[in-house]
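J.: Sending over work24.csv (CSV, N, CA and C atoms).
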chain,number,residue,atom,x,y,z
A,57,GLN,N,0.8,-1.2,0.0
A,57,GLN,CA,0.0,0.0,0.0
A,57,GLN,C,0.9,1.2,0.0
A,58,VAL,N,0.4,2.3,-0.7
A,58,VAL,CA,1.2,3.5,-0.8
A,58,VAL,C,0.3,4.6,-0.2
A,59,GLN,N,0.9,5.4,0.7
A,59,GLN,CA,0.2,6.6,1.2
A,59,GLN,C,0.8,7.8,0.5
A,60,LEU,N,-0.1,8.7,0.1
A,60,LEU,CA,0.3,10.0,-0.6
A,60,LEU,C,-0.2,11.1,0.3
A,61,THR,N,0.7,12.0,0.6
A,61,THR,CA,0.4,13.2,1.5
A,61,THR,C,0.8,14.4,0.8
A,62,GLU,N,-0.2,15.3,0.5
A,62,GLU,CA,0.0,16.6,-0.1
A,62,GLU,C,0.2,17.7,0.9
A,63,SER,N,0.8,18.7,0.4
A,63,SER,CA,1.0,20.0,1.1
A,63,SER,C,1.2,21.1,0.2
A,64,GLY,N,1.0,22.3,0.7
A,64,GLY,CA,1.3,23.5,-0.1
A,64,GLY,C,0.1,24.3,-0.7
A,65,GLY,N,-1.1,23.8,-0.5
A,65,GLY,CA,-2.2,24.6,-1.0
A,65,GLY,C,-2.4,25.9,-0.2
A,66,GLY,N,-3.3,26.7,-0.7
A,66,GLY,CA,-3.6,28.0,0.0
A,66,GLY,C,-4.4,28.9,-0.9
A,67,LEU,N,-4.4,30.2,-0.5
A,67,LEU,CA,-5.2,31.2,-1.2
A,67,LEU,C,-4.1,32.2,-1.8
A,68,VAL,N,-4.3,32.5,-3.1
A,68,VAL,CA,-3.4,33.4,-3.8
A,68,VAL,C,-4.2,34.2,-4.7
A,69,GLN,N,-3.7,35.4,-5.1
A,69,GLN,CA,-4.3,36.3,-6.0
A,69,GLN,C,-4.0,35.9,-7.5
A,70,THR,N,-4.9,36.3,-8.4
A,70,THR,CA,-4.6,36.0,-9.8
A,70,THR,C,-3.2,36.5,-10.2
A,71,GLY,N,-2.5,35.6,-10.9
A,71,GLY,CA,-1.2,35.9,-11.3
A,71,GLY,C,-0.1,35.4,-10.4
A,72,GLY,N,-0.6,35.0,-9.2
A,72,GLY,CA,0.4,34.5,-8.2
A,72,GLY,C,0.9,33.1,-8.4
A,73,SER,N,1.7,32.6,-7.5
A,73,SER,CA,2.3,31.3,-7.6
A,73,SER,C,2.1,30.5,-6.3
A,74,LEU,N,2.0,29.2,-6.5
A,74,LEU,CA,2.0,28.2,-5.4
A,74,LEU,C,2.8,27.0,-5.8
A,75,ARG,N,3.3,26.3,-4.8
A,75,ARG,CA,4.1,25.1,-5.0
A,75,ARG,C,3.4,24.0,-4.2
A,76,LEU,N,2.9,23.0,-4.8
A,76,LEU,CA,2.4,21.8,-4.1
A,76,LEU,C,3.5,20.7,-4.1
A,77,SER,N,3.4,20.0,-3.0
A,77,SER,CA,4.3,18.8,-2.8
A,77,SER,C,3.5,17.6,-2.4
A,78,CYS,N,4.1,16.4,-2.7
A,78,CYS,CA,3.4,15.2,-2.3
A,78,CYS,C,4.5,14.2,-2.0
A,79,VAL,N,4.4,13.6,-0.8
A,79,VAL,CA,5.3,12.5,-0.4
A,79,VAL,C,4.6,11.2,-0.4
A,80,ALA,N,5.3,10.2,-1.0
A,80,ALA,CA,4.8,8.8,-1.1
A,80,ALA,C,5.5,8.0,0.0
A,81,SER,N,4.8,7.2,0.7
A,81,SER,CA,5.3,6.4,1.8
A,81,SER,C,4.6,5.1,1.8
A,82,GLY,N,5.2,4.1,2.5
A,82,GLY,CA,4.5,2.8,2.7
A,82,GLY,C,5.0,1.7,1.9
A,83,ARG,N,5.7,1.9,0.9
A,83,ARG,CA,6.3,0.8,0.1
A,83,ARG,C,7.8,1.1,-0.2
A,84,THR,N,8.5,0.0,-0.4
A,84,THR,CA,9.9,0.2,-0.8
A,84,THR,C,10.1,0.7,-2.2
A,85,THR,N,9.1,0.4,-3.0
A,85,THR,CA,9.1,0.8,-4.4
A,85,THR,C,8.1,2.0,-4.6
A,86,SER,N,8.7,3.1,-5.1
A,86,SER,CA,7.8,4.3,-5.3
A,86,SER,C,7.0,4.1,-6.6
A,87,PRO,N,5.8,4.7,-6.7
A,87,PRO,CA,5.0,4.5,-7.9
A,87,PRO,C,5.8,4.9,-9.1
A,88,HIS,N,5.6,4.2,-10.2
A,88,HIS,CA,6.3,4.5,-11.4
A,88,HIS,C,5.9,5.9,-12.0
A,89,ILE,N,4.6,6.1,-11.9
A,89,ILE,CA,4.1,7.4,-12.4
A,89,ILE,C,3.4,8.1,-11.2
A,90,MET,N,3.8,9.4,-11.1
A,90,MET,CA,3.1,10.2,-10.1
A,90,MET,C,2.6,11.5,-10.8
A,91,GLY,N,1.4,11.9,-10.3
A,91,GLY,CA,0.8,13.0,-11.0
A,91,GLY,C,-0.1,13.8,-10.1
A,92,TRP,N,-0.7,14.8,-10.7
A,92,TRP,CA,-1.7,15.7,-10.0
A,92,TRP,C,-2.9,15.8,-10.8
A,93,PHE,N,-4.0,15.7,-10.1
A,93,PHE,CA,-5.4,16.0,-10.6
A,93,PHE,C,-6.0,17.1,-9.8
A,94,ARG,N,-7.1,17.6,-10.3
A,94,ARG,CA,-7.8,18.6,-9.6
A,94,ARG,C,-9.3,18.4,-9.8
A,95,GLN,N,-10.1,18.9,-8.8
A,95,GLN,CA,-11.5,18.8,-8.9
A,95,GLN,C,-12.2,20.0,-8.2
A,96,ALA,N,-13.0,20.7,-9.0
A,96,ALA,CA,-13.7,21.8,-8.6
A,96,ALA,C,-15.1,21.4,-8.2
A,97,PRO,N,-15.8,22.1,-7.3
A,97,PRO,CA,-17.1,21.7,-6.9
A,97,PRO,C,-18.1,21.5,-8.0
A,98,GLY,N,-18.7,20.3,-8.1
A,98,GLY,CA,-19.7,20.0,-9.1
A,98,GLY,C,-19.1,19.6,-10.4
A,99,GLN,N,-17.8,19.4,-10.4
A,99,GLN,CA,-17.1,19.0,-11.7
A,99,GLN,C,-16.4,17.7,-11.5
A,100,GLU,N,-16.1,17.1,-12.6
A,100,GLU,CA,-15.3,15.8,-12.5
A,100,GLU,C,-13.8,16.1,-12.2
A,101,ARG,N,-13.2,15.1,-11.7
A,101,ARG,CA,-11.8,15.2,-11.5
A,101,ARG,C,-11.0,15.2,-12.8
A,102,GLU,N,-10.1,16.2,-12.9
A,102,GLU,CA,-9.4,16.3,-14.2
A,102,GLU,C,-7.9,16.3,-14.0
A,103,PHE,N,-7.3,15.8,-15.1
A,103,PHE,CA,-5.8,15.6,-15.1
A,103,PHE,C,-5.2,17.0,-15.2
A,104,VAL,N,-4.0,17.1,-14.4
A,104,VAL,CA,-3.2,18.3,-14.5
A,104,VAL,C,-1.9,18.0,-15.1
A,105,ALA,N,-1.1,17.1,-14.4
A,105,ALA,CA,0.2,16.8,-14.9
A,105,ALA,C,0.7,15.5,-14.3
A,106,ALA,N,1.6,14.8,-15.0
A,106,ALA,CA,2.2,13.6,-14.5
A,106,ALA,C,3.6,13.4,-14.9
A,107,ILE,N,4.4,12.6,-14.2
A,107,ILE,CA,5.8,12.4,-14.5
A,107,ILE,C,6.2,11.0,-14.2
A,108,THR,N,7.0,10.4,-15.0
A,108,THR,CA,7.5,9.0,-14.8
A,108,THR,C,8.7,9.0,-13.9
A,109,GLN,N,9.0,7.8,-13.4
A,109,GLN,CA,10.0,7.7,-12.4
A,109,GLN,C,11.4,7.8,-12.9
A,110,SER,N,11.8,7.0,-13.9
A,110,SER,CA,13.1,6.9,-14.3
A,110,SER,C,13.5,7.9,-15.5
A,111,THR,N,12.6,7.9,-16.5
A,111,THR,CA,12.9,8.7,-17.6
A,111,THR,C,12.4,10.1,-17.5
A,112,LEU,N,11.6,10.4,-16.4
A,112,LEU,CA,11.1,11.7,-16.1
A,112,LEU,C,10.3,12.3,-17.3
A,113,VAL,N,9.6,11.4,-18.0
A,113,VAL,CA,8.7,11.9,-19.1
A,113,VAL,C,7.6,12.6,-18.4
A,114,VAL,N,7.2,13.8,-18.9
A,114,VAL,CA,6.1,14.5,-18.3
A,114,VAL,C,4.9,14.7,-19.3
A,115,ASN,N,3.8,15.0,-18.7
A,115,ASN,CA,2.6,15.2,-19.5
A,115,ASN,C,1.8,16.3,-18.8
A,116,TYR,N,1.2,17.2,-19.6
A,116,TYR,CA,0.5,18.3,-19.0
A,116,TYR,C,-0.9,18.4,-19.7
A,117,ALA,N,-1.9,18.8,-18.9
A,117,ALA,CA,-3.1,19.2,-19.5
A,117,ALA,C,-2.9,20.5,-20.3
A,118,ASP,N,-3.6,20.7,-21.4
A,118,ASP,CA,-3.5,21.9,-22.2
A,118,ASP,C,-3.7,23.2,-21.4
A,119,SER,N,-4.6,23.1,-20.5
A,119,SER,CA,-5.0,24.3,-19.7
A,119,SER,C,-3.9,24.8,-18.8
A,120,VAL,N,-2.9,24.0,-18.5
A,120,VAL,CA,-1.8,24.4,-17.6
A,120,VAL,C,-0.4,24.5,-18.3
A,121,LYS,N,-0.3,24.1,-19.5
A,121,LYS,CA,1.0,24.1,-20.2
A,121,LYS,C,1.5,25.5,-20.2
A,122,GLY,N,2.8,25.6,-19.9
A,122,GLY,CA,3.5,26.9,-19.9
A,122,GLY,C,3.3,27.7,-18.6
A,123,ARG,N,2.4,27.2,-17.7
A,123,ARG,CA,2.2,27.9,-16.4
A,123,ARG,C,2.6,26.9,-15.2
A,124,PHE,N,2.4,25.7,-15.4
A,124,PHE,CA,2.7,24.7,-14.3
A,124,PHE,C,3.9,23.9,-14.7
A,125,ALA,N,4.7,23.4,-13.7
A,125,ALA,CA,5.8,22.5,-14.0
A,125,ALA,C,5.8,21.5,-12.9
A,126,ILE,N,5.9,20.2,-13.3
A,126,ILE,CA,5.9,19.1,-12.4
A,126,ILE,C,7.4,18.6,-12.3
A,127,SER,N,7.8,18.2,-11.1
A,127,SER,CA,9.1,17.6,-11.0
A,127,SER,C,9.1,16.5,-9.9
A,128,ARG,N,10.1,15.8,-9.9
A,128,ARG,CA,10.1,14.6,-9.0
A,128,ARG,C,11.5,14.4,-8.4
A,129,ASP,N,11.6,14.0,-7.2
A,129,ASP,CA,12.8,13.6,-6.5
A,129,ASP,C,12.7,12.2,-6.0
A,130,ASN,N,13.2,11.3,-6.8
A,130,ASN,CA,13.1,9.9,-6.5
A,130,ASN,C,13.7,9.5,-5.2
A,131,ALA,N,14.8,10.1,-4.8
A,131,ALA,CA,15.5,9.8,-3.6
A,131,ALA,C,14.6,10.1,-2.4
A,132,LYS,N,13.8,11.1,-2.5
A,132,LYS,CA,12.9,11.5,-1.4
A,132,LYS,C,11.5,11.1,-1.6
A,133,ASN,N,11.2,10.4,-2.7
A,133,ASN,CA,9.8,9.9,-3.0
A,133,ASN,C,8.8,11.0,-3.0
A,134,THR,N,9.2,12.1,-3.6
A,134,THR,CA,8.3,13.3,-3.6
A,134,THR,C,8.1,13.7,-5.1
A,135,VAL,N,6.9,14.3,-5.3
A,135,VAL,CA,6.6,15.0,-6.6
A,135,VAL,C,6.1,16.4,-6.2
A,136,SER,N,6.5,17.3,-7.0
A,136,SER,CA,6.1,18.7,-6.8
A,136,SER,C,5.4,19.3,-8.0
A,137,LEU,N,4.6,20.3,-7.8
A,137,LEU,CA,3.9,21.0,-8.8
A,137,LEU,C,4.1,22.5,-8.6
A,138,GLN,N,4.9,23.1,-9.4
A,138,GLN,CA,5.1,24.6,-9.3
A,138,GLN,C,4.0,25.2,-10.2
A,139,MET,N,3.2,26.1,-9.6
A,139,MET,CA,2.1,26.7,-10.3
A,139,MET,C,2.3,28.2,-10.4
A,140,ASP,N,2.5,28.7,-11.6
A,140,ASP,CA,2.7,30.1,-11.8
A,140,ASP,C,1.6,30.7,-12.7
A,141,GLY,N,1.4,32.0,-12.6
A,141,GLY,CA,0.4,32.6,-13.4
A,141,GLY,C,-1.0,32.0,-13.1
A,142,LEU,N,-1.3,31.9,-11.9
A,142,LEU,CA,-2.6,31.2,-11.5
A,142,LEU,C,-3.7,32.1,-11.8
A,143,LYS,N,-4.8,31.4,-12.2
A,143,LYS,CA,-6.1,32.1,-12.6
A,143,LYS,C,-7.2,31.6,-11.7
A,144,PRO,N,-8.3,32.3,-11.7
A,144,PRO,CA,-9.4,31.9,-10.8
A,144,PRO,C,-9.9,30.5,-11.2
A,145,GLU,N,-9.8,30.2,-12.5
A,145,GLU,CA,-10.3,28.9,-13.0
A,145,GLU,C,-9.4,27.7,-12.5
A,146,ASP,N,-8.3,28.0,-11.9
A,146,ASP,CA,-7.4,27.0,-11.3
A,146,ASP,C,-7.9,26.6,-9.9
A,147,THR,N,-8.8,27.3,-9.4
A,147,THR,CA,-9.4,27.0,-8.1
A,147,THR,C,-10.0,25.6,-8.0
A,148,ALA,N,-9.5,24.8,-7.1
A,148,ALA,CA,-9.9,23.4,-7.0
A,148,ALA,C,-9.2,22.7,-5.9
A,149,THR,N,-9.7,21.5,-5.5
A,149,THR,CA,-8.9,20.7,-4.7
A,149,THR,C,-7.9,19.9,-5.5
A,150,TYR,N,-6.7,19.9,-5.2
A,150,TYR,CA,-5.6,19.3,-6.0
A,150,TYR,C,-5.3,17.9,-5.3
A,151,TYR,N,-5.2,16.9,-6.1
A,151,TYR,CA,-5.0,15.6,-5.6
A,151,TYR,C,-3.7,15.0,-6.2
A,152,CYS,N,-2.8,14.5,-5.3
A,152,CYS,CA,-1.7,13.7,-5.8
A,152,CYS,C,-2.1,12.3,-6.1
A,153,ALA,N,-1.6,11.7,-7.2
A,153,ALA,CA,-1.9,10.4,-7.6
A,153,ALA,C,-0.7,9.6,-8.0
A,154,GLY,N,-0.8,8.3,-7.8
A,154,GLY,CA,0.3,7.4,-8.1
A,154,GLY,C,-0.1,6.2,-8.8
A,155,ARG,N,0.7,5.8,-9.8
A,155,ARG,CA,0.4,4.5,-10.5
A,155,ARG,C,1.7,3.6,-10.3
A,156,LEU,N,1.4,2.4,-9.8
A,156,LEU,CA,2.5,1.6,-9.5
A,156,LEU,C,3.4,1.1,-10.7
A,157,ASN,N,2.7,0.7,-11.8
A,157,ASN,CA,3.4,0.1,-12.9
A,157,ASN,C,3.4,1.1,-14.1
A,158,PRO,N,4.3,0.9,-15.0
A,158,PRO,CA,4.4,1.8,-16.2
A,158,PRO,C,3.1,1.7,-17.1
A,159,LYS,N,2.7,2.8,-17.6
A,159,LYS,CA,1.7,2.8,-18.7
A,159,LYS,C,2.0,4.1,-19.5
A,160,TYR,N,2.0,4.0,-20.8
A,160,TYR,CA,2.2,5.1,-21.6
A,160,TYR,C,1.1,5.1,-22.7
A,161,ILE,N,0.6,6.3,-22.9
A,161,ILE,CA,-0.3,6.5,-24.0
A,161,ILE,C,0.3,7.5,-25.0
A,162,ASN,N,0.6,7.1,-26.2
A,162,ASN,CA,1.3,7.9,-27.2
A,162,ASN,C,2.6,8.5,-26.6
A,163,GLY,N,3.3,7.6,-25.8
A,163,GLY,CA,4.6,7.9,-25.2
A,163,GLY,C,4.6,8.8,-24.0
A,164,SER,N,3.4,9.1,-23.4
A,164,SER,CA,3.2,9.9,-22.3
A,164,SER,C,2.5,9.2,-21.2
A,165,PRO,N,2.7,9.7,-19.9
A,165,PRO,CA,1.9,9.1,-18.8
A,165,PRO,C,0.4,9.3,-19.0
A,166,PRO,N,-0.4,8.4,-18.6
A,166,PRO,CA,-1.9,8.5,-18.8
A,166,PRO,C,-2.5,9.7,-18.1
A,167,GLN,N,-3.7,10.1,-18.6
A,167,GLN,CA,-4.4,11.2,-18.0
A,167,GLN,C,-5.7,10.8,-17.4
A,168,ALA,N,-6.1,9.5,-17.5
A,168,ALA,CA,-7.4,9.1,-16.9
A,168,ALA,C,-7.2,8.8,-15.5
A,169,PRO,N,-8.1,9.3,-14.6
A,169,PRO,CA,-8.0,9.0,-13.2
A,169,PRO,C,-8.0,7.5,-12.9
A,170,THR,N,-8.7,6.7,-13.7
A,170,THR,CA,-8.8,5.3,-13.5
A,170,THR,C,-7.5,4.5,-13.8
A,171,ASP,N,-6.5,5.2,-14.3
A,171,ASP,CA,-5.2,4.6,-14.6
A,171,ASP,C,-4.3,4.7,-13.4
A,172,TYR,N,-4.8,5.4,-12.3
A,172,TYR,CA,-4.0,5.6,-11.1
A,172,TYR,C,-4.5,4.8,-9.9
A,173,ASP,N,-3.5,4.2,-9.2
A,173,ASP,CA,-3.8,3.3,-8.1
A,173,ASP,C,-4.0,3.9,-6.8
A,174,TYR,N,-3.3,5.0,-6.5
A,174,TYR,CA,-3.3,5.6,-5.2
A,174,TYR,C,-3.6,7.1,-5.2
A,175,TRP,N,-4.2,7.6,-4.2
A,175,TRP,CA,-4.6,9.0,-4.2
A,175,TRP,C,-4.3,9.6,-2.8
A,176,GLY,N,-4.0,10.8,-2.8
A,176,GLY,CA,-3.9,11.6,-1.6
A,176,GLY,C,-5.2,12.1,-1.2
A,177,GLN,N,-5.3,12.8,-0.1
A,177,GLN,CA,-6.6,13.3,0.4
A,177,GLN,C,-6.9,14.7,-0.2
A,178,GLY,N,-6.0,15.3,-0.8
A,178,GLY,CA,-6.2,16.6,-1.5
A,178,GLY,C,-5.8,17.8,-0.7
A,179,THR,N,-5.5,18.9,-1.4
A,179,THR,CA,-5.2,20.1,-0.8
A,179,THR,C,-5.8,21.2,-1.6
A,180,GLN,N,-6.4,22.2,-0.9
A,180,GLN,CA,-7.2,23.2,-1.6
A,180,GLN,C,-6.4,24.4,-2.1
A,181,VAL,N,-6.6,24.7,-3.4
A,181,VAL,CA,-6.0,25.9,-4.0
A,181,VAL,C,-7.1,26.8,-4.4
A,182,THR,N,-7.0,28.1,-3.9
A,182,THR,CA,-8.0,29.1,-4.2
A,182,THR,C,-7.3,30.3,-4.8
A,183,VAL,N,-7.8,30.7,-6.0
A,183,VAL,CA,-7.2,31.8,-6.7
A,183,VAL,C,-8.3,32.9,-6.7
A,184,SER,N,-8.0,34.0,-6.1
A,184,SER,CA,-9.0,35.1,-6.0
A,184,SER,C,-8.7,36.1,-7.2
A,185,SER,N,-9.9,36.7,-7.7
A,185,SER,CA,-9.8,37.6,-8.8
A,185,SER,C,-9.5,39.0,-8.4
How does this structure look as C-alpha cells?

T.:
Amino acid sequence: QVQLTESGGGLVQTGGSLRLSCVASGRTTSPHIMGWFRQAPGQEREFVAAITQSTLVVNYADSVKGRFAISRDNAKNTVSLQMDGLKPEDTATYYCAGRLNPKYINGSPPQAPTDYDYWGQGTQVTVSS
C-alpha cells in the first residue's frame, strides 16, 4: 500500500504562484508514475500533470501548459507541482496520484483517473480575482 500526502495549497491572487508537494510512503518501491489531478465543486476530477519515475517523461493538460511545472525527487519519494500565473479557474482541490506500474499513451503518462492506483486526500487551492 502507498500513502500519498499533499501539502502547499492555499489562497493566492490572480497571477500569483503556489508550489504543491506530495510525499509517497508505505512501500519500498515508489510509484512508477506520479501526478496531479484537480476537482472543482460540481465538476469531474481532471488531469493536471504527471511524470514518470526513471525517464522523467512529463505530460500536462493543455490548460496548464506553460504555467505549471511538475518535478520529481526519487530519492525523497516526492513529486512537486510549481504553479505560476494562477487564474481563478485553477481554483480546485488538488490531488496527488500514483500509478505503481508503467503505462504510456502515445509515449506519455496517462491522463485518466482510472489509470492511477493511489490517491492523496487533497489540498485546496483558491485563486482570487

J.: In Å, with one decimal, what is the gap from CA of Gln95 (chain A) to CA of Asn130 (chain A)?

T.: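 A separation of 26.3 Å between them.
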
J.: Just checking: using all atoms listed in the file, which residue out of A:Ser119, A:Thr61, A:Gln180, A:Thr149 ends up closest to Ser77 (chain A)?

T.: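 Among the listed residues, the smallest separation from Ser77 (chain A) belongs to A:Thr61.
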
J.: Name the closest residue to Gly82 (chain A) among the candidates A:Tyr160, A:Thr170, A:Asn133, A:Glu145; distances are taken between atoms, counting only C-alpha atoms.

T.: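 The answer is A:Asn133, which sits nearest to Gly82 (chain A).
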
J.: Suppose you want the space between atom C of Val58 (chain A) and atom N of Val181 (chain A); what is it in Å?

T.: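 The value is 21.5 Å.
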
J.: So, counting only C-alpha atoms, which residue among A:Gln57, A:Thr108, A:Gln69, A:Ser127 is closest to Ser81 (chain A)?

T.: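 When distances to Ser81 (chain A) are compared using only C-alpha atoms, the smallest one comes from A:Gln57.
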
J.: Considering only C-alpha atoms, can you say which of A:Ala125, A:Val120, A:Met139, A:Ala106 comes closest to Gln167 (chain A)?

T.: A:Ala106

J.: When you draw a straight line from CA of Met90 (chain A) to atom C of Gln138 (chain A), how long is it in Å?

T.: 15.0 Å

J.: Which of these, A:Val113, A:Leu137, A:Leu156, A:Ala168, has the shortest distance to Leu76 (chain A) once you count all atoms listed in the file?

T.: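 Among the listed residues, A:Leu137 lies closest to Leu76 (chain A).
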
J.: Which residue gives the smallest distance to Pro166 (chain A) among A:Arg128, A:Arg83, A:Arg94, A:His88, with only C-alpha atoms counted?

T.: A:His88

J.: Supply region 93-115 of chain A as a PDB file, in the coordinates of the input, with N, CA, C and O atoms built in where the input has gaps.

T.:
ATOM      1  N   PHE A  93      -4.000  15.700 -10.100  1.00  0.00           N
ATOM      2  CA  PHE A  93      -5.400  16.000 -10.600  1.00  0.00           C
ATOM      3  C   PHE A  93      -6.000  17.100  -9.800  1.00  0.00           C
ATOM      4  O   PHE A  93      -5.530  17.414  -8.740  1.00  0.00           O
ATOM      5  N   ARG A  94      -7.100  17.600 -10.300  1.00  0.00           N
ATOM      6  CA  ARG A  94      -7.800  18.600  -9.600  1.00  0.00           C
ATOM      7  C   ARG A  94      -9.300  18.400  -9.800  1.00  0.00           C
ATOM      8  O   ARG A  94      -9.775  17.897 -10.810  1.00  0.00           O
ATOM      9  N   GLN A  95     -10.100  18.900  -8.800  1.00  0.00           N
ATOM     10  CA  GLN A  95     -11.500  18.800  -8.900  1.00  0.00           C
ATOM     11  C   GLN A  95     -12.200  20.000  -8.200  1.00  0.00           C
ATOM     12  O   GLN A  95     -11.926  20.293  -7.070  1.00  0.00           O
ATOM     13  N   ALA A  96     -13.000  20.700  -9.000  1.00  0.00           N
ATOM     14  CA  ALA A  96     -13.700  21.800  -8.600  1.00  0.00           C
ATOM     15  C   ALA A  96     -15.100  21.400  -8.200  1.00  0.00           C
ATOM     16  O   ALA A  96     -15.570  20.333  -8.652  1.00  0.00           O
ATOM     17  N   PRO A  97     -15.800  22.100  -7.300  1.00  0.00           N
ATOM     18  CA  PRO A  97     -17.100  21.700  -6.900  1.00  0.00           C
ATOM     19  C   PRO A  97     -18.100  21.500  -8.000  1.00  0.00           C
ATOM     20  O   PRO A  97     -18.142  22.307  -8.935  1.00  0.00           O
ATOM     21  N   GLY A  98     -18.700  20.300  -8.100  1.00  0.00           N
ATOM     22  CA  GLY A  98     -19.700  20.000  -9.100  1.00  0.00           C
ATOM     23  C   GLY A  98     -19.100  19.600 -10.400  1.00  0.00           C
ATOM     24  O   GLY A  98     -19.824  19.374 -11.395  1.00  0.00           O
ATOM     25  N   GLN A  99     -17.800  19.400 -10.400  1.00  0.00           N
ATOM     26  CA  GLN A  99     -17.100  19.000 -11.700  1.00  0.00           C
ATOM     27  C   GLN A  99     -16.400  17.700 -11.500  1.00  0.00           C
ATOM     28  O   GLN A  99     -16.119  17.285 -10.348  1.00  0.00           O
ATOM     29  N   GLU A 100     -16.100  17.100 -12.600  1.00  0.00           N
ATOM     30  CA  GLU A 100     -15.300  15.800 -12.500  1.00  0.00           C
ATOM     31  C   GLU A 100     -13.800  16.100 -12.200  1.00  0.00           C
ATOM     32  O   GLU A 100     -13.331  17.167 -12.500  1.00  0.00           O
ATOM     33  N   ARG A 101     -13.200  15.100 -11.700  1.00  0.00           N
ATOM     34  CA  ARG A 101     -11.800  15.200 -11.500  1.00  0.00           C
ATOM     35  C   ARG A 101     -11.000  15.200 -12.800  1.00  0.00           C
ATOM     36  O   ARG A 101     -11.308  14.399 -13.685  1.00  0.00           O
ATOM     37  N   GLU A 102     -10.100  16.200 -12.900  1.00  0.00           N
ATOM     38  CA  GLU A 102      -9.400  16.300 -14.200  1.00  0.00           C
ATOM     39  C   GLU A 102      -7.900  16.300 -14.000  1.00  0.00           C
ATOM     40  O   GLU A 102      -7.378  16.653 -13.010  1.00  0.00           O
ATOM     41  N   PHE A 103      -7.300  15.800 -15.100  1.00  0.00           N
ATOM     42  CA  PHE A 103      -5.800  15.600 -15.100  1.00  0.00           C
ATOM     43  C   PHE A 103      -5.200  17.000 -15.200  1.00  0.00           C
ATOM     44  O   PHE A 103      -5.657  17.890 -15.840  1.00  0.00           O
ATOM     45  N   VAL A 104      -4.000  17.100 -14.400  1.00  0.00           N
ATOM     46  CA  VAL A 104      -3.200  18.300 -14.500  1.00  0.00           C
ATOM     47  C   VAL A 104      -1.900  18.000 -15.100  1.00  0.00           C
ATOM     48  O   VAL A 104      -1.454  18.635 -16.050  1.00  0.00           O
ATOM     49  N   ALA A 105      -1.100  17.100 -14.400  1.00  0.00           N
ATOM     50  CA  ALA A 105       0.200  16.800 -14.900  1.00  0.00           C
ATOM     51  C   ALA A 105       0.700  15.500 -14.300  1.00  0.00           C
ATOM     52  O   ALA A 105       0.135  15.012 -13.295  1.00  0.00           O
ATOM     53  N   ALA A 106       1.600  14.800 -15.000  1.00  0.00           N
ATOM     54  CA  ALA A 106       2.200  13.600 -14.500  1.00  0.00           C
ATOM     55  C   ALA A 106       3.600  13.400 -14.900  1.00  0.00           C
ATOM     56  O   ALA A 106       4.035  14.075 -15.925  1.00  0.00           O
ATOM     57  N   ILE A 107       4.400  12.600 -14.200  1.00  0.00           N
ATOM     58  CA  ILE A 107       5.800  12.400 -14.500  1.00  0.00           C
ATOM     59  C   ILE A 107       6.200  11.000 -14.200  1.00  0.00           C
ATOM     60  O   ILE A 107       5.686  10.387 -13.216  1.00  0.00           O
ATOM     61  N   THR A 108       7.000  10.400 -15.000  1.00  0.00           N
ATOM     62  CA  THR A 108       7.500   9.000 -14.800  1.00  0.00           C
ATOM     63  C   THR A 108       8.700   9.000 -13.900  1.00  0.00           C
ATOM     64  O   THR A 108       9.326  10.003 -13.634  1.00  0.00           O
ATOM     65  N   GLN A 109       9.000   7.800 -13.400  1.00  0.00           N
ATOM     66  CA  GLN A 109      10.000   7.700 -12.400  1.00  0.00           C
ATOM     67  C   GLN A 109      11.400   7.800 -12.900  1.00  0.00           C
ATOM     68  O   GLN A 109      12.198   8.558 -12.362  1.00  0.00           O
ATOM     69  N   SER A 110      11.800   7.000 -13.900  1.00  0.00           N
ATOM     70  CA  SER A 110      13.100   6.900 -14.300  1.00  0.00           C
ATOM     71  C   SER A 110      13.500   7.900 -15.500  1.00  0.00           C
ATOM     72  O   SER A 110      14.502   8.563 -15.404  1.00  0.00           O
ATOM     73  N   THR A 111      12.600   7.900 -16.500  1.00  0.00           N
ATOM     74  CA  THR A 111      12.900   8.700 -17.600  1.00  0.00           C
ATOM     75  C   THR A 111      12.400  10.100 -17.500  1.00  0.00           C
ATOM     76  O   THR A 111      12.754  11.019 -18.266  1.00  0.00           O
ATOM     77  N   LEU A 112      11.600  10.400 -16.400  1.00  0.00           N
ATOM     78  CA  LEU A 112      11.100  11.700 -16.100  1.00  0.00           C
ATOM     79  C   LEU A 112      10.300  12.300 -17.300  1.00  0.00           C
ATOM     80  O   LEU A 112      10.399  13.508 -17.596  1.00  0.00           O
ATOM     81  N   VAL A 113       9.600  11.400 -18.000  1.00  0.00           N
ATOM     82  CA  VAL A 113       8.700  11.900 -19.100  1.00  0.00           C
ATOM     83  C   VAL A 113       7.600  12.600 -18.400  1.00  0.00           C
ATOM     84  O   VAL A 113       6.996  12.132 -17.445  1.00  0.00           O
ATOM     85  N   VAL A 114       7.200  13.800 -18.900  1.00  0.00           N
ATOM     86  CA  VAL A 114       6.100  14.500 -18.300  1.00  0.00           C
ATOM     87  C   VAL A 114       4.900  14.700 -19.300  1.00  0.00           C
ATOM     88  O   VAL A 114       5.077  14.513 -20.539  1.00  0.00           O
ATOM     89  N   ASN A 115       3.800  15.000 -18.700  1.00  0.00           N
ATOM     90  CA  ASN A 115       2.600  15.200 -19.500  1.00  0.00           C
ATOM     91  C   ASN A 115       1.800  16.300 -18.800  1.00  0.00           C
ATOM     92  O   ASN A 115       1.625  16.206 -17.583  1.00  0.00           O
TER      93      ASN A 115
END
